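Right, one structure below, let's go through it.
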Amino acid sequence: MTSPKISGTTQLLAVIGNPVSHTGSPAMQNFMCQTLGLDYVYVAFNIEQGHLKNAILGIRSLNIVGINVTIPYKEQVIPFLDQLDPLAERIGAVNTIVNQNGTLIGYNTDGQGFLVALMKEQQTDVKNKHIVVLGAGGAAKAIVHTLSQKKPKSMTIANRTPETAIDLAKICQATGIGITKELDPFLKNADIVINTTAVGMGQLKDQSPVSHYNWVHPHQLICDIIYNPAETLFLKQCRLKGAVTLNGKGMLAGQGQIAFELFTGFCADYNLLKKQLN
Ligand code: ATR
């Protein structure tokens with residue numbers, strides 16, 4: 001694909017975070033704009049701590065159409081917005097901001113992005129399924145809040161810090177526990193297990209969120225929201241035990257698809273977006 005044609009009418013989209021150098025969003029969003037012949041360009045801004053407020057005020061001043069928000073600003077941006085979508089308000093985090101004629105509206109599309117990936121990659125949804133979510137941080141909150149609206153049969157949240165899992169579970173009619181032996185029966189009974197913790201990436205890339213894999217069986221779908229590495233130790237061990245596995249690229253493409261539609265009003269093709277991440 002050639003570089004986007006930038007002119008005096010080109011409108012701006014962006015992602016903000018710190019760091020943002022490894023983001024896959026510009027590749028996905030620019031490709032889709034060019035494919036559809038839309039006059040937008042999507043860039044990444046690395047925002048230093050302390051400059052966030054000015055960056056958000058700048059969206060309005062520069063008439064930026066919309067931005068994605070990534071680590072560590074998903075919660076910190078909220079005080080600077082005019083409105084929150086009800087789901088983003090419940091989650092308490094925003095990953096997409098739309099500038100609607102000067103009104104900044106915050107959305108959270110992470111959980112919906114995960115659902116899109118489940119459907120596109122595995123033709124499955126969460127209705128009547130037993131779900132286990134490992135982790136209770138920002139990403140887990142988005143996934144748990146979204147999934148809890150889709151009638152799963154049960155949802156169990158397990159976290160290194162049990163109190164955080166219990167707090168999240170209380171508002172989502174789920175079970176909250178620590179990552180200990182008592183998790184085994186829930187894992188054995190699970191149809192879908194989702195790792196939302198940071199364990200498996202960066203400095204933790206040689207570690208797994210679970211201590212053993214005796215619970216894994218071939219009818220399970222095991223997901224990791226990590227996409228770099230493409231196969232975490234957790235996914236690899238579960239795959240070797242015969243389970244179906246899904247990494248985080250689909251969720252990234254899914255949230256990108258929803259964001260693109262919020263920004264431009266046009267539909268984005270999930271498969272084309274995902275291809276840009278390979
Ligand atoms: P994100 O926004 O990506 O979800 P986060 O909000 O910082 O990031 O959440 C990180 C999650 O990974 C948390 O559930 C965290 O557990 P704690 O609540 O106990 O901190 C989990 N996590 C991070 N490092 C971990 C580790 N070494 N072992 C187990 N869990 C870990």
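By order of appearance in the structure tokens: chains A, B, ..., then residues from 1 within every chain, and ligands from 1 in the order shown.
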Show me which residues sit within 8 Å of ligand 1 when counting only C-alpha atoms and all ligand atoms, and put them as a PyMOL selection string. chain A and resi 71-72+74+134-141+159-162+164-165+196-199+204+209
DSSP strand (DSSP E) residues within range 212-278 of chain A, as a ChimeraX atom specification: /A:221-224,244-246
Residues from the last selection, C-alpha atoms, saved as an mmCIF file, in the first residue's frame:
```cif
data_model
loop_
_atom_site.group_PDB
_atom_site.id
_atom_site.type_symbol
_atom_site.label_atom_id
_atom_site.label_comp_id
_atom_site.auth_asym_id
_atom_site.auth_seq_id
_atom_site.Cartn_x
_atom_site.Cartn_y
_atom_site.Cartn_z
ATOM 1 C CA LEU A 221 -11.243 -22.290 23.853
ATOM 2 C CA ILE A 222 -8.238 -20.655 25.513
ATOM 3 C CA CYS A 223 -7.681 -16.955 24.781
ATOM 4 C CA ASP A 224 -4.907 -14.530 25.561
ATOM 5 C CA VAL A 244 -8.204 -24.437 20.663
ATOM 6 C CA THR A 245 -6.307 -21.171 21.230
ATOM 7 C CA LEU A 246 -6.775 -17.536 20.226
#
```
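We find CA of Gly102 in chain A and CA of Leu12 in chain A to be spaced 14.3 Å apart.
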Which residues are close to Ala117 in chain A, i.e. within 9 Å by only C-alpha atoms, leaving aside same-chain residues fewer than 3 positions away? Reply as a list in words.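 Everything that qualifies: Gln112, Gly113, Phe114, Lys120, Glu121, Gln122, Gln123, Leu246, Gly248, Lys249, Gly250, Met251, Leu252, Ala253, Gly254, Gln255 and Tyr270 of chain A.
The residue set within 12 Å of Asn101 in chain A, counting only C-alpha atoms and dropping same-chain residues fewer than 5 places from it, reads Ile59, Arg60, Ser61, Leu62, Asn63, Ile64, Val65, Gly66 and Asp82 of chain A.
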Restricted to C-alpha atoms, what would the selected residues look like written as an mmCIF file, in the first residue's frame?
```cif
data_model
loop_
_atom_site.group_PDB
_atom_site.id
_atom_site.type_symbol
_atom_site.label_atom_id
_atom_site.label_comp_id
_atom_site.auth_asym_id
_atom_site.auth_seq_id
_atom_site.Cartn_x
_atom_site.Cartn_y
_atom_site.Cartn_z
ATOM 1 C CA ILE A 59 -8.312 17.453 19.996
ATOM 2 C CA ARG A 60 -10.941 20.191 19.991
ATOM 3 C CA SER A 61 -8.573 23.019 19.024
ATOM 4 C CA LEU A 62 -7.048 21.094 16.107
ATOM 5 C CA ASN A 63 -10.394 19.611 15.109
ATOM 6 C CA ILE A 64 -9.041 16.058 15.310
ATOM 7 C CA VAL A 65 -11.897 13.684 14.369
ATOM 8 C CA GLY A 66 -11.140 11.009 16.937
ATOM 9 C CA ASP A 82 -17.595 15.977 27.906
#
```
